[in-house]
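Dumped structure_8.tsv below, it's TSV, C-alpha atoms:
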```tsv
chain	number	residue	atom	x	y	z
A	1	MET	CA	-66.80	-68.59	180.22
A	2	ARG	CA	-63.46	-66.80	179.85
A	3	LEU	CA	-62.21	-68.51	182.98
A	4	PHE	CA	-63.14	-71.82	181.49
A	5	SER	CA	-61.43	-70.92	178.22
A	6	HIS	CA	-58.31	-69.79	180.05
A	7	ALA	CA	-58.22	-72.99	182.09
A	8	ALA	CA	-58.75	-75.07	178.98
A	9	SER	CA	-55.95	-73.20	177.19
A	10	ALA	CA	-53.63	-73.76	180.13
A	11	ARG	CA	-54.40	-77.46	180.14
A	12	ALA	CA	-53.80	-77.60	176.39
A	13	LEU	CA	-50.50	-75.77	176.76
A	14	ARG	CA	-49.35	-78.11	179.55
A	15	SER	CA	-50.32	-81.08	177.40
A	16	ARG	CA	-48.40	-79.68	174.43
A	17	ILE	CA	-45.31	-79.00	176.54
A	18	ALA	CA	-45.51	-82.49	178.00
A	19	GLY	CA	-45.76	-83.93	174.51
A	20	ILE	CA	-42.78	-81.90	173.33
A	21	CYS	CA	-40.75	-82.94	176.37
A	22	GLY	CA	-41.69	-86.54	175.75
A	23	ALA	CA	-40.60	-86.27	172.14
A	24	LEU	CA	-37.34	-84.62	173.20
A	25	LEU	CA	-36.77	-87.40	175.71
A	26	VAL	CA	-37.27	-90.02	173.05
A	27	ALA	CA	-34.98	-88.11	170.72
A	28	ALA	CA	-32.36	-87.82	173.46
A	29	THR	CA	-32.62	-91.53	174.18
A	30	LEU	CA	-32.18	-92.37	170.54
A	31	ALA	CA	-29.26	-89.98	170.31
A	32	GLY	CA	-27.71	-91.65	173.32
A	33	CYS	CA	-28.10	-95.05	171.70
A	34	ALA	CA	-26.58	-93.73	168.53
A	35	THR	CA	-23.43	-92.82	170.44
A	36	ASP	CA	-22.90	-96.48	171.33
A	37	LYS	CA	-19.67	-97.38	169.55
A	38	ASP	CA	-21.06	-100.70	168.41
A	39	ASP	CA	-23.91	-99.01	166.52
A	40	ILE	CA	-21.92	-96.30	164.80
A	41	ILE	CA	-21.83	-96.74	161.05
A	42	PRO	CA	-18.52	-95.27	159.94
A	43	PRO	CA	-18.47	-93.12	156.86
A	44	ASP	CA	-17.24	-94.77	153.68
A	45	GLU	CA	-13.45	-94.69	153.44
A	46	PRO	CA	-11.65	-94.92	150.11
A	47	ALA	CA	-10.18	-98.37	149.57
A	48	GLU	CA	-6.79	-96.95	148.66
A	49	LYS	CA	-6.67	-94.97	151.91
A	50	ILE	CA	-7.37	-98.08	154.02
A	51	TYR	CA	-4.80	-100.10	152.09
A	52	ASN	CA	-2.09	-97.47	152.53
A	53	GLU	CA	-2.86	-97.21	156.24
A	54	GLY	CA	-2.38	-100.96	156.46
A	55	LEU	CA	0.96	-100.71	154.70
A	56	THR	CA	2.08	-97.90	157.00
A	57	LEU	CA	1.18	-99.90	160.10
A	58	MET	CA	2.95	-102.94	158.69
A	59	ASN	CA	6.12	-100.97	157.97
A	60	ARG	CA	6.03	-99.62	161.52
A	61	GLY	CA	5.95	-103.16	162.83
A	62	ASP	CA	2.38	-102.99	164.14
A	63	LEU	CA	1.36	-106.16	162.33
A	64	LYS	CA	-1.85	-106.87	164.23
A	65	ALA	CA	-3.19	-103.40	163.51
A	66	ALA	CA	-2.12	-103.77	159.88
A	67	ALA	CA	-4.02	-107.05	159.60
A	68	LYS	CA	-7.09	-105.32	161.02
A	69	ARG	CA	-6.97	-102.58	158.38
A	70	PHE	CA	-6.53	-105.08	155.56
A	71	GLU	CA	-9.52	-106.99	156.92
A	72	ASP	CA	-11.52	-103.75	157.05
A	73	LEU	CA	-10.77	-103.17	153.40
A	74	ASP	CA	-11.74	-106.70	152.43
A	75	ARG	CA	-15.03	-106.29	154.28
A	76	THR	CA	-15.99	-102.81	153.04
A	77	HIS	CA	-14.77	-103.08	149.43
A	78	PRO	CA	-15.01	-106.84	148.80
A	79	TYR	CA	-14.98	-106.82	145.01
A	80	SER	CA	-12.31	-104.23	144.38
A	81	GLU	CA	-8.75	-104.70	143.21
A	82	TRP	CA	-7.66	-103.18	146.52
A	83	ALA	CA	-9.47	-105.97	148.37
A	84	ARG	CA	-7.49	-108.54	146.37
A	85	LYS	CA	-4.24	-106.86	147.36
A	86	ALA	CA	-5.36	-106.54	150.97
A	87	LEU	CA	-6.17	-110.25	151.19
A	88	LEU	CA	-2.68	-111.11	149.96
A	89	MET	CA	-1.13	-108.71	152.47
A	90	ASP	CA	-3.27	-110.24	155.22
A	91	THR	CA	-1.83	-113.64	154.32
A	92	TYR	CA	1.70	-112.22	154.49
A	93	VAL	CA	1.14	-110.36	157.78
A	94	TYR	CA	-0.35	-113.42	159.48
A	95	TYR	CA	2.64	-115.47	158.33
A	96	GLN	CA	5.01	-112.89	159.79
A	97	LEU	CA	3.08	-113.05	163.06
A	98	GLY	CA	3.45	-116.83	163.14
A	99	GLU	CA	-0.33	-117.26	163.10
A	100	TYR	CA	-0.26	-120.20	160.74
A	101	ASP	CA	-3.94	-121.18	160.82
A	102	GLU	CA	-4.89	-117.63	159.85
A	103	THR	CA	-2.20	-117.62	157.15
A	104	ILE	CA	-3.56	-120.81	155.63
A	105	SER	CA	-7.16	-119.60	155.81
A	106	ALA	CA	-6.42	-116.24	154.18
A	107	GLY	CA	-4.11	-117.76	151.56
A	108	LYS	CA	-6.58	-120.44	150.54
A	109	ARG	CA	-9.34	-117.85	150.28
A	110	TYR	CA	-7.11	-115.75	148.05
A	111	LEU	CA	-6.43	-118.73	145.79
A	112	THR	CA	-10.13	-119.56	145.61
A	113	LEU	CA	-11.10	-116.02	144.66
A	114	HIS	CA	-8.10	-115.17	142.46
A	115	PRO	CA	-6.62	-118.40	141.04
A	116	GLY	CA	-5.30	-116.69	137.93
A	117	SER	CA	-3.69	-113.76	139.71
A	118	PRO	CA	0.01	-113.01	139.11
A	119	ASP	CA	0.40	-113.29	142.89
A	120	ALA	CA	-1.23	-116.73	143.16
A	121	ALA	CA	2.19	-118.41	143.25
A	122	TYR	CA	3.23	-116.27	146.22
A	123	ALA	CA	-0.04	-116.92	148.08
A	124	SER	CA	0.36	-120.64	147.48
A	125	TYR	CA	3.95	-120.52	148.75
A	126	LEU	CA	2.88	-118.67	151.91
A	127	VAL	CA	0.28	-121.35	152.62
A	128	ALA	CA	2.85	-124.11	152.08
A	129	SER	CA	5.39	-122.30	154.25
A	130	ALA	CA	2.84	-121.98	157.05
A	131	TYR	CA	2.38	-125.75	157.01
A	132	TYR	CA	6.16	-126.23	156.80
A	133	ASP	CA	6.95	-123.95	159.75
A	134	ASN	CA	4.44	-125.88	161.82
A	135	ILE	CA	6.16	-129.26	161.28
A	136	PRO	CA	6.36	-131.02	164.66
A	137	ASP	CA	9.19	-132.98	166.25
A	138	VAL	CA	9.88	-136.33	164.59
A	139	THR	CA	8.60	-138.18	167.65
A	140	ARG	CA	5.10	-136.72	167.21
A	141	ASP	CA	2.30	-137.33	164.70
A	142	GLN	CA	3.41	-136.15	161.25
A	143	LYS	CA	0.06	-135.07	159.78
A	144	ALA	CA	1.29	-131.47	159.50
A	145	THR	CA	4.45	-132.65	157.74
A	146	ARG	CA	2.42	-134.53	155.14
A	147	GLN	CA	0.24	-131.46	154.63
A	148	ALA	CA	3.36	-129.35	154.20
A	149	LEU	CA	4.83	-131.75	151.66
A	150	ASP	CA	1.60	-131.84	149.65
A	151	ALA	CA	1.38	-128.05	149.64
A	152	LEU	CA	5.06	-127.59	148.72
A	153	ASP	CA	4.82	-130.13	145.90
A	154	ASP	CA	1.72	-128.26	144.71
A	155	VAL	CA	3.70	-125.01	144.45
A	156	ALA	CA	6.50	-126.71	142.49
A	157	ARG	CA	4.03	-128.40	140.14
A	158	LYS	CA	1.73	-125.44	139.46
A	159	TYR	CA	4.34	-122.68	139.29
A	160	PRO	CA	7.50	-124.43	138.01
A	161	ASP	CA	9.09	-121.35	136.47
A	162	THR	CA	8.91	-119.16	139.58
A	163	GLU	CA	11.37	-118.51	142.37
A	164	TYR	CA	8.81	-119.97	144.75
A	165	ALA	CA	9.07	-123.37	143.07
A	166	VAL	CA	12.81	-123.46	143.78
A	167	ALA	CA	12.31	-122.56	147.44
A	168	ALA	CA	9.40	-125.00	147.75
A	169	LYS	CA	11.51	-127.89	146.43
A	170	LYS	CA	14.18	-127.26	149.05
A	171	LYS	CA	11.63	-127.25	151.84
A	172	ALA	CA	9.96	-130.34	150.38
A	173	ASP	CA	13.27	-132.21	150.65
A	174	VAL	CA	13.39	-131.40	154.36
A	175	ALA	CA	9.78	-132.50	154.82
A	176	ARG	CA	10.48	-135.83	153.08
A	177	ASP	CA	13.47	-136.40	155.28
A	178	GLN	CA	11.29	-135.76	158.32
A	179	LEU	CA	8.71	-138.32	157.17
A	180	ALA	CA	11.46	-140.81	156.44
A	181	GLY	CA	12.91	-140.15	159.88
A	182	LYS	CA	9.58	-140.98	161.46
A	183	GLU	CA	9.48	-144.31	159.62
A	184	MET	CA	13.04	-145.04	160.76
A	185	LEU	CA	12.15	-144.24	164.35
A	186	ILE	CA	9.29	-146.74	164.35
A	187	GLY	CA	11.32	-149.31	162.38
A	188	ARG	CA	14.18	-149.21	164.86
A	189	TYR	CA	11.71	-149.69	167.70
A	190	TYR	CA	10.31	-152.80	166.02
A	191	LEU	CA	13.80	-154.08	165.31
A	192	GLU	CA	14.88	-153.66	168.93
A	193	ASN	CA	11.82	-155.63	169.99
A	194	ARG	CA	12.50	-158.38	167.42
A	195	ASN	CA	9.40	-157.57	165.41
A	196	TYR	CA	11.38	-158.03	162.20
A	197	THR	CA	8.43	-158.06	159.82
A	198	GLY	CA	7.09	-154.81	161.27
A	199	ALA	CA	10.57	-153.28	161.02
A	200	ILE	CA	11.02	-154.38	157.39
A	201	ASN	CA	7.68	-152.81	156.45
A	202	ARG	CA	8.80	-149.46	157.88
A	203	PHE	CA	12.23	-149.55	156.24
A	204	LYS	CA	10.54	-150.53	152.99
A	205	VAL	CA	8.58	-147.27	153.06
A	206	VAL	CA	11.83	-145.34	153.31
A	207	VAL	CA	13.42	-147.25	150.43
A	208	THR	CA	10.41	-147.01	148.10
A	209	ARG	CA	9.07	-143.53	148.92
A	210	TYR	CA	11.96	-141.58	150.39
A	211	GLN	CA	15.07	-143.04	148.80
A	212	THR	CA	16.43	-139.59	147.90
A	213	THR	CA	16.62	-138.66	151.60
A	214	ARG	CA	19.59	-139.12	153.90
A	215	GLN	CA	17.66	-141.81	155.77
A	216	VAL	CA	17.89	-144.38	152.98
A	217	GLU	CA	21.45	-145.51	153.76
A	218	GLU	CA	20.54	-146.57	157.29
A	219	ALA	CA	17.27	-148.09	156.00
A	220	LEU	CA	19.23	-150.40	153.67
A	221	PHE	CA	21.51	-151.44	156.51
A	222	ARG	CA	18.55	-152.11	158.80
A	223	LEU	CA	16.96	-154.22	156.06
A	224	THR	CA	20.17	-156.22	155.90
A	225	GLU	CA	20.03	-156.64	159.66
A	226	ALA	CA	16.35	-157.65	159.76
A	227	TYR	CA	16.58	-160.09	156.85
A	228	MET	CA	19.66	-161.73	158.33
A	229	ALA	CA	17.80	-162.16	161.63
A	230	LEU	CA	14.95	-163.87	159.77
A	231	GLY	CA	17.35	-166.03	157.75
A	232	ILE	CA	16.22	-164.51	154.45
A	233	VAL	CA	19.81	-164.20	153.29
A	234	GLY	CA	19.09	-163.40	149.64
A	235	GLU	CA	17.28	-160.18	150.53
A	236	ALA	CA	19.95	-159.36	153.12
A	237	GLN	CA	22.66	-159.75	150.48
A	238	THR	CA	20.69	-157.61	148.04
A	239	ALA	CA	20.15	-154.83	150.58
A	240	ALA	CA	23.88	-154.78	151.34
A	241	ALA	CA	24.83	-154.89	147.64
A	242	VAL	CA	22.45	-152.02	146.68
A	243	LEU	CA	23.77	-150.00	149.61
A	244	GLY	CA	27.36	-150.55	148.52
A	245	TYR	CA	26.62	-149.78	144.86
A	246	ASN	CA	24.83	-146.52	145.53
A	247	PHE	CA	26.71	-145.36	148.65
A	248	PRO	CA	30.14	-147.02	148.55
A	249	ASP	CA	31.66	-144.62	151.08
A	250	SER	CA	28.80	-144.85	153.57
A	251	PRO	CA	29.68	-146.09	157.07
A	252	TRP	CA	26.37	-147.98	156.94
A	253	TYR	CA	27.72	-150.03	154.03
A	254	LYS	CA	30.75	-151.02	156.05
A	255	ASP	CA	28.43	-152.27	158.81
A	256	ALA	CA	26.22	-154.12	156.31
A	257	TYR	CA	29.23	-155.75	154.63
A	258	ARG	CA	30.56	-156.90	157.98
A	259	LEU	CA	27.17	-158.29	158.97
A	260	VAL	CA	26.74	-160.50	155.89
A	261	GLN	CA	30.36	-161.65	156.14
A	262	GLN	CA	29.68	-162.83	159.68
A	263	GLY	CA	27.08	-165.14	158.17
A	264	GLY	CA	29.65	-166.51	155.73
A	265	LEU	CA	28.21	-164.48	152.82
A	266	GLU	CA	29.06	-161.59	150.53
A	267	PRO	CA	26.84	-158.73	149.32
A	268	LYS	CA	25.14	-159.93	146.17
A	269	GLU	CA	22.28	-158.30	144.31
A	270	ASN	CA	19.24	-160.27	143.29
A	271	LYS	CA	17.84	-158.35	140.32
A	272	GLY	CA	14.35	-159.65	141.04
A	273	SER	CA	14.31	-158.33	144.60
A	274	TRP	CA	11.91	-155.50	145.43
A	275	ILE	CA	14.92	-153.59	146.79
A	276	SER	CA	16.74	-153.76	143.46
A	277	GLN	CA	13.57	-152.88	141.54
A	278	ALA	CA	12.84	-149.88	143.78
A	279	PHE	CA	16.23	-148.35	143.04
A	280	LYS	CA	16.07	-149.10	139.32
A	281	LYS	CA	12.92	-146.98	139.07
A	282	LEU	CA	14.97	-143.92	139.95
A	283	GLY	CA	18.04	-145.05	138.04
A	284	LEU	CA	20.03	-145.45	141.22
A	285	GLY	CA	20.59	-149.18	141.14
```
Mind turning the file's structure into structure tokens?
Amino acid sequence: MRLFSHAASARALRSRIAGICGALLVAATLAGCATDKDDIIPPDEPAEKIYNEGLTLMNRGDLKAAAKRFEDLDRTHPYSEWARKALLMDTYVYYQLGEYDETISAGKRYLTLHPGSPDAAYASYLVASAYYDNIPDVTRDQKATRQALDALDDVARKYPDTEYAVAAKKKADVARDQLAGKEMLIGRYYLENRNYTGAINRFKVVVTRYQTTRQVEEALFRLTEAYMALGIVGEAQTAAAVLGYNFPDSPWYKDAYRLVQQGGLEPKENKGSWISQAFKKLGLG
């Protein structure tokens, strides 16, 4: 009986040890999984600490690491004042990196979440500048230029009393000139291929929409040229006359004057012409 009891006790002990070892193995396995970097839940970090680390990295020139810390703050403390500041800094850092899509995304998110913030004007300007810096060559599609112009005009309209409005207006002038240049490029192509109506339509865009750009002088000369080729001398005379009135020292006016003279005419404005009316709207004619 004692032998049986001893054997039973031994079996029970072995079973207990096996159970304990099994439990330890499971615990060890779980511990091993917990050491996987992807599963580690970091302890809560103060928002101010994360923000200052981002600033330090930014000042050292490690912009990508700085952006990462600002993103960490936005993710872990999403409704704090520090998160608002971090999102603005993220917009700035991405702009400095030349990552314009990320700049626009972060800036627009900032404006959606904090439209009444004192820094909204700056965020809006960064978004507009990202579009502006991404303006393509004049020979390419100008969708980005139009986006830039809309965004820059938005800054000037919404924040007129800020320094950003002044800077935005200067950039907007360049964007308008680029769009006008694109119209001129296409218009000259049509003119060279004797598609005079197509050319006039392009030059008309410059005269009506972009007449404060440097392109308008040539546009008026090209209108003179196209209308003379079509035999619509009244509009040709008007284009030359408006060019001479507004830009008397322009070399394009000298060419326009010579062109109408070759047809036995003189520059003469027809007040009812669309060209004359377009300039009167801005007080230029």
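Closest approach to Ala148 (chain A) among A:Thr197, A:Asn246, A:Thr162, A:Ser129: A:Ser129, based on all atoms listed in the file.
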Exercise: region 266-282 of chain A partners within 12 Å, all atoms listed in the file, chain neighbours under 3 positions left out, as a PyMOL selection string: chain A and resi 200+203-212+216+219-221+223-224+228+232-246+253-263+285
Hey, what's within 12 Å of Ala175 (chain A) if we count all atoms listed in the file and toss same-chain stuff fewer than 3 positions away? As an NGL selection string, please? :A and (128-129 or 131-138 or 142-153 or 168-172 or 178-182 or 210 or 212-214)
Let me see the file: selected residues, C-alpha atoms, as a short mmCIF file (atom, residue, chain, number, x, y, z; two decimals), in the frame of the given file.
```cif
data_model
loop_
_atom_site.label_atom_id
_atom_site.label_comp_id
_atom_site.auth_asym_id
_atom_site.auth_seq_id
_atom_site.Cartn_x
_atom_site.Cartn_y
_atom_site.Cartn_z
CA ALA A 128 2.85 -124.11 152.08
CA SER A 129 5.39 -122.30 154.25
CA TYR A 131 2.38 -125.75 157.01
CA TYR A 132 6.16 -126.23 156.80
CA ASP A 133 6.95 -123.95 159.75
CA ASN A 134 4.44 -125.88 161.82
CA ILE A 135 6.16 -129.26 161.28
CA PRO A 136 6.36 -131.02 164.66
CA ASP A 137 9.19 -132.98 166.25
CA VAL A 138 9.88 -136.33 164.59
CA GLN A 142 3.41 -136.15 161.25
CA LYS A 143 0.06 -135.07 159.78
CA ALA A 144 1.29 -131.47 159.50
CA THR A 145 4.45 -132.65 157.74
CA ARG A 146 2.42 -134.53 155.14
CA GLN A 147 0.24 -131.46 154.63
CA ALA A 148 3.36 -129.35 154.20
CA LEU A 149 4.83 -131.75 151.66
CA ASP A 150 1.60 -131.84 149.65
CA ALA A 151 1.38 -128.05 149.64
CA LEU A 152 5.06 -127.59 148.72
CA ASP A 153 4.82 -130.13 145.90
CA ALA A 168 9.40 -125.00 147.75
CA LYS A 169 11.51 -127.89 146.43
CA LYS A 170 14.18 -127.26 149.05
CA LYS A 171 11.63 -127.25 151.84
CA ALA A 172 9.96 -130.34 150.38
CA GLN A 178 11.29 -135.76 158.32
CA LEU A 179 8.71 -138.32 157.17
CA ALA A 180 11.46 -140.81 156.44
CA GLY A 181 12.91 -140.15 159.88
CA LYS A 182 9.58 -140.98 161.46
CA TYR A 210 11.96 -141.58 150.39
CA THR A 212 16.43 -139.59 147.90
CA THR A 213 16.62 -138.66 151.60
CA ARG A 214 19.59 -139.12 153.90
#
```
Residues near Tyr100 (chain A), cut-off 8 Å, only C-alpha atoms, skip fewer than 2 positions along chain, as a VMD selection string: chain A and resid 94 to 95 98 102 to 104 130 to 131 134
What is the distance, in Å and to one decimal place, between CA of Tyr125 (chain A) and CA of Val155 (chain A)? 6.2 Å
May I have the centre and edge lengths, in Å to one decimal, of an axis-aligned box around the listed atoms of region 166-182 of chain A with 4 Å added to every side, as AutoDock Vina command-line options?
```
--center_x 11.4 --center_y -131.8 --center_z 152.6 --size_x 13.5 --size_y 26.4 --size_z 25.7
```
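Counting from CA of Glu225 (chain A), the distance to CA of Asn193 (chain A) is 13.2 Å.
Of the residues listed (A:Ala229, A:Val127, A:Glu99, A:Phe247), A:Ala229 shows the shortest atom-to-atom separation from Leu191 (chain A); distances use only C-alpha atoms.
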With N, CA and C atoms as the goal, would you fill in the gaps in region 74-106 of chain A and present it as an mmCIF file, keeping the file's coordinate frame?
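Contents of out11.cif, freshly written:
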```
data_model
loop_
_atom_site.group_PDB
_atom_site.id
_atom_site.type_symbol
_atom_site.label_atom_id
_atom_site.label_comp_id
_atom_site.auth_asym_id
_atom_site.auth_seq_id
_atom_site.Cartn_x
_atom_site.Cartn_y
_atom_site.Cartn_z
ATOM 1 N N ASP A 74 -11.123 -105.531 153.052
ATOM 2 C CA ASP A 74 -11.740 -106.700 152.430
ATOM 3 C C ASP A 74 -13.239 -106.742 152.711
ATOM 4 N N ARG A 75 -13.625 -106.262 153.895
ATOM 5 C CA ARG A 75 -15.030 -106.290 154.280
ATOM 6 C C ARG A 75 -15.835 -105.152 153.632
ATOM 7 N N THR A 76 -15.240 -103.966 153.534
ATOM 8 C CA THR A 76 -15.990 -102.810 153.040
ATOM 9 C C THR A 76 -15.929 -102.630 151.529
ATOM 10 N N HIS A 77 -14.896 -103.179 150.896
ATOM 11 C CA HIS A 77 -14.770 -103.080 149.430
ATOM 12 C C HIS A 77 -14.456 -104.465 148.863
ATOM 13 N N PRO A 78 -15.337 -105.426 149.059
ATOM 14 C CA PRO A 78 -15.010 -106.840 148.800
ATOM 15 C C PRO A 78 -14.698 -107.201 147.356
ATOM 16 N N TYR A 79 -15.162 -106.433 146.408
ATOM 17 C CA TYR A 79 -14.980 -106.820 145.010
ATOM 18 C C TYR A 79 -13.994 -105.923 144.264
ATOM 19 N N SER A 80 -13.252 -105.162 145.012
ATOM 20 C CA SER A 80 -12.310 -104.230 144.380
ATOM 21 C C SER A 80 -10.929 -104.867 144.220
ATOM 22 N N GLU A 81 -10.130 -104.255 143.385
ATOM 23 C CA GLU A 81 -8.750 -104.700 143.210
ATOM 24 C C GLU A 81 -7.957 -104.483 144.494
ATOM 25 N N TRP A 82 -8.337 -103.444 145.251
ATOM 26 C CA TRP A 82 -7.660 -103.180 146.520
ATOM 27 C C TRP A 82 -7.933 -104.298 147.523
ATOM 28 N N ALA A 83 -9.142 -104.862 147.469
ATOM 29 C CA ALA A 83 -9.470 -105.970 148.370
ATOM 30 C C ALA A 83 -8.613 -107.189 148.051
ATOM 31 N N ARG A 84 -8.368 -107.432 146.764
ATOM 32 C CA ARG A 84 -7.490 -108.540 146.370
ATOM 33 C C ARG A 84 -6.096 -108.356 146.958
ATOM 34 N N LYS A 85 -5.566 -107.136 146.819
ATOM 35 C CA LYS A 85 -4.240 -106.860 147.360
ATOM 36 C C LYS A 85 -4.219 -106.975 148.880
ATOM 37 N N ALA A 86 -5.287 -106.508 149.504
ATOM 38 C CA ALA A 86 -5.360 -106.540 150.970
ATOM 39 C C ALA A 86 -5.390 -107.979 151.477
ATOM 40 N N LEU A 87 -6.103 -108.852 150.772
ATOM 41 C CA LEU A 87 -6.170 -110.250 151.190
ATOM 42 C C LEU A 87 -4.805 -110.918 151.102
ATOM 43 N N LEU A 88 -4.040 -110.579 150.076
ATOM 44 C CA LEU A 88 -2.680 -111.110 149.960
ATOM 45 C C LEU A 88 -1.798 -110.586 151.089
ATOM 46 N N MET A 89 -1.931 -109.296 151.395
ATOM 47 C CA MET A 89 -1.130 -108.710 152.470
ATOM 48 C C MET A 89 -1.533 -109.299 153.826
ATOM 49 N N ASP A 90 -2.820 -109.589 153.989
ATOM 50 C CA ASP A 90 -3.270 -110.240 155.220
ATOM 51 C C ASP A 90 -2.584 -111.591 155.389
ATOM 52 N N THR A 91 -2.497 -112.334 154.290
ATOM 53 C CA THR A 91 -1.830 -113.640 154.320
ATOM 54 C C THR A 91 -0.372 -113.476 154.752
ATOM 55 N N TYR A 92 0.293 -112.485 154.171
ATOM 56 C CA TYR A 92 1.700 -112.220 154.490
ATOM 57 C C TYR A 92 1.874 -111.797 155.952
ATOM 58 N N VAL A 93 1.020 -110.876 156.406
ATOM 59 C CA VAL A 93 1.140 -110.360 157.780
ATOM 60 C C VAL A 93 0.911 -111.480 158.797
ATOM 61 N N TYR A 94 -0.095 -112.317 158.562
ATOM 62 C CA TYR A 94 -0.350 -113.420 159.480
ATOM 63 C C TYR A 94 0.840 -114.389 159.509
ATOM 64 N N TYR A 95 1.458 -114.592 158.360
ATOM 65 C CA TYR A 95 2.640 -115.470 158.330
ATOM 66 C C TYR A 95 3.774 -114.867 159.154
ATOM 67 N N GLN A 96 3.975 -113.567 159.021
ATOM 68 C CA GLN A 96 5.010 -112.890 159.790
ATOM 69 C C GLN A 96 4.723 -112.944 161.295
ATOM 70 N N LEU A 97 3.457 -112.966 161.648
ATOM 71 C CA LEU A 97 3.080 -113.050 163.060
ATOM 72 C C LEU A 97 3.199 -114.477 163.606
ATOM 73 N N GLY A 98 3.391 -115.442 162.712
ATOM 74 C CA GLY A 98 3.450 -116.830 163.140
ATOM 75 C C GLY A 98 2.085 -117.412 163.436
ATOM 76 N N GLU A 99 1.044 -116.768 162.930
ATOM 77 C CA GLU A 99 -0.330 -117.260 163.100
ATOM 78 C C GLU A 99 -0.663 -118.103 161.874
ATOM 79 N N TYR A 100 -0.254 -119.363 161.936
ATOM 80 C CA TYR A 100 -0.260 -120.200 160.740
ATOM 81 C C TYR A 100 -1.669 -120.603 160.285
ATOM 82 N N ASP A 101 -2.568 -120.837 161.215
ATOM 83 C CA ASP A 101 -3.940 -121.180 160.820
ATOM 84 C C ASP A 101 -4.572 -120.032 160.040
ATOM 85 N N GLU A 102 -4.345 -118.805 160.531
ATOM 86 C CA GLU A 102 -4.890 -117.630 159.850
ATOM 87 C C GLU A 102 -4.228 -117.429 158.484
ATOM 88 N N THR A 103 -2.923 -117.716 158.422
ATOM 89 C CA THR A 103 -2.200 -117.620 157.150
ATOM 90 C C THR A 103 -2.818 -118.555 156.122
ATOM 91 N N ILE A 104 -3.023 -119.797 156.529
ATOM 92 C CA ILE A 104 -3.560 -120.810 155.630
ATOM 93 C C ILE A 104 -4.972 -120.453 155.188
ATOM 94 N N SER A 105 -5.781 -119.975 156.125
ATOM 95 C CA SER A 105 -7.160 -119.600 155.810
ATOM 96 C C SER A 105 -7.210 -118.451 154.806
ATOM 97 N N ALA A 106 -6.426 -117.401 155.079
ATOM 98 C CA ALA A 106 -6.420 -116.240 154.180
ATOM 99 C C ALA A 106 -5.832 -116.603 152.818
#
```
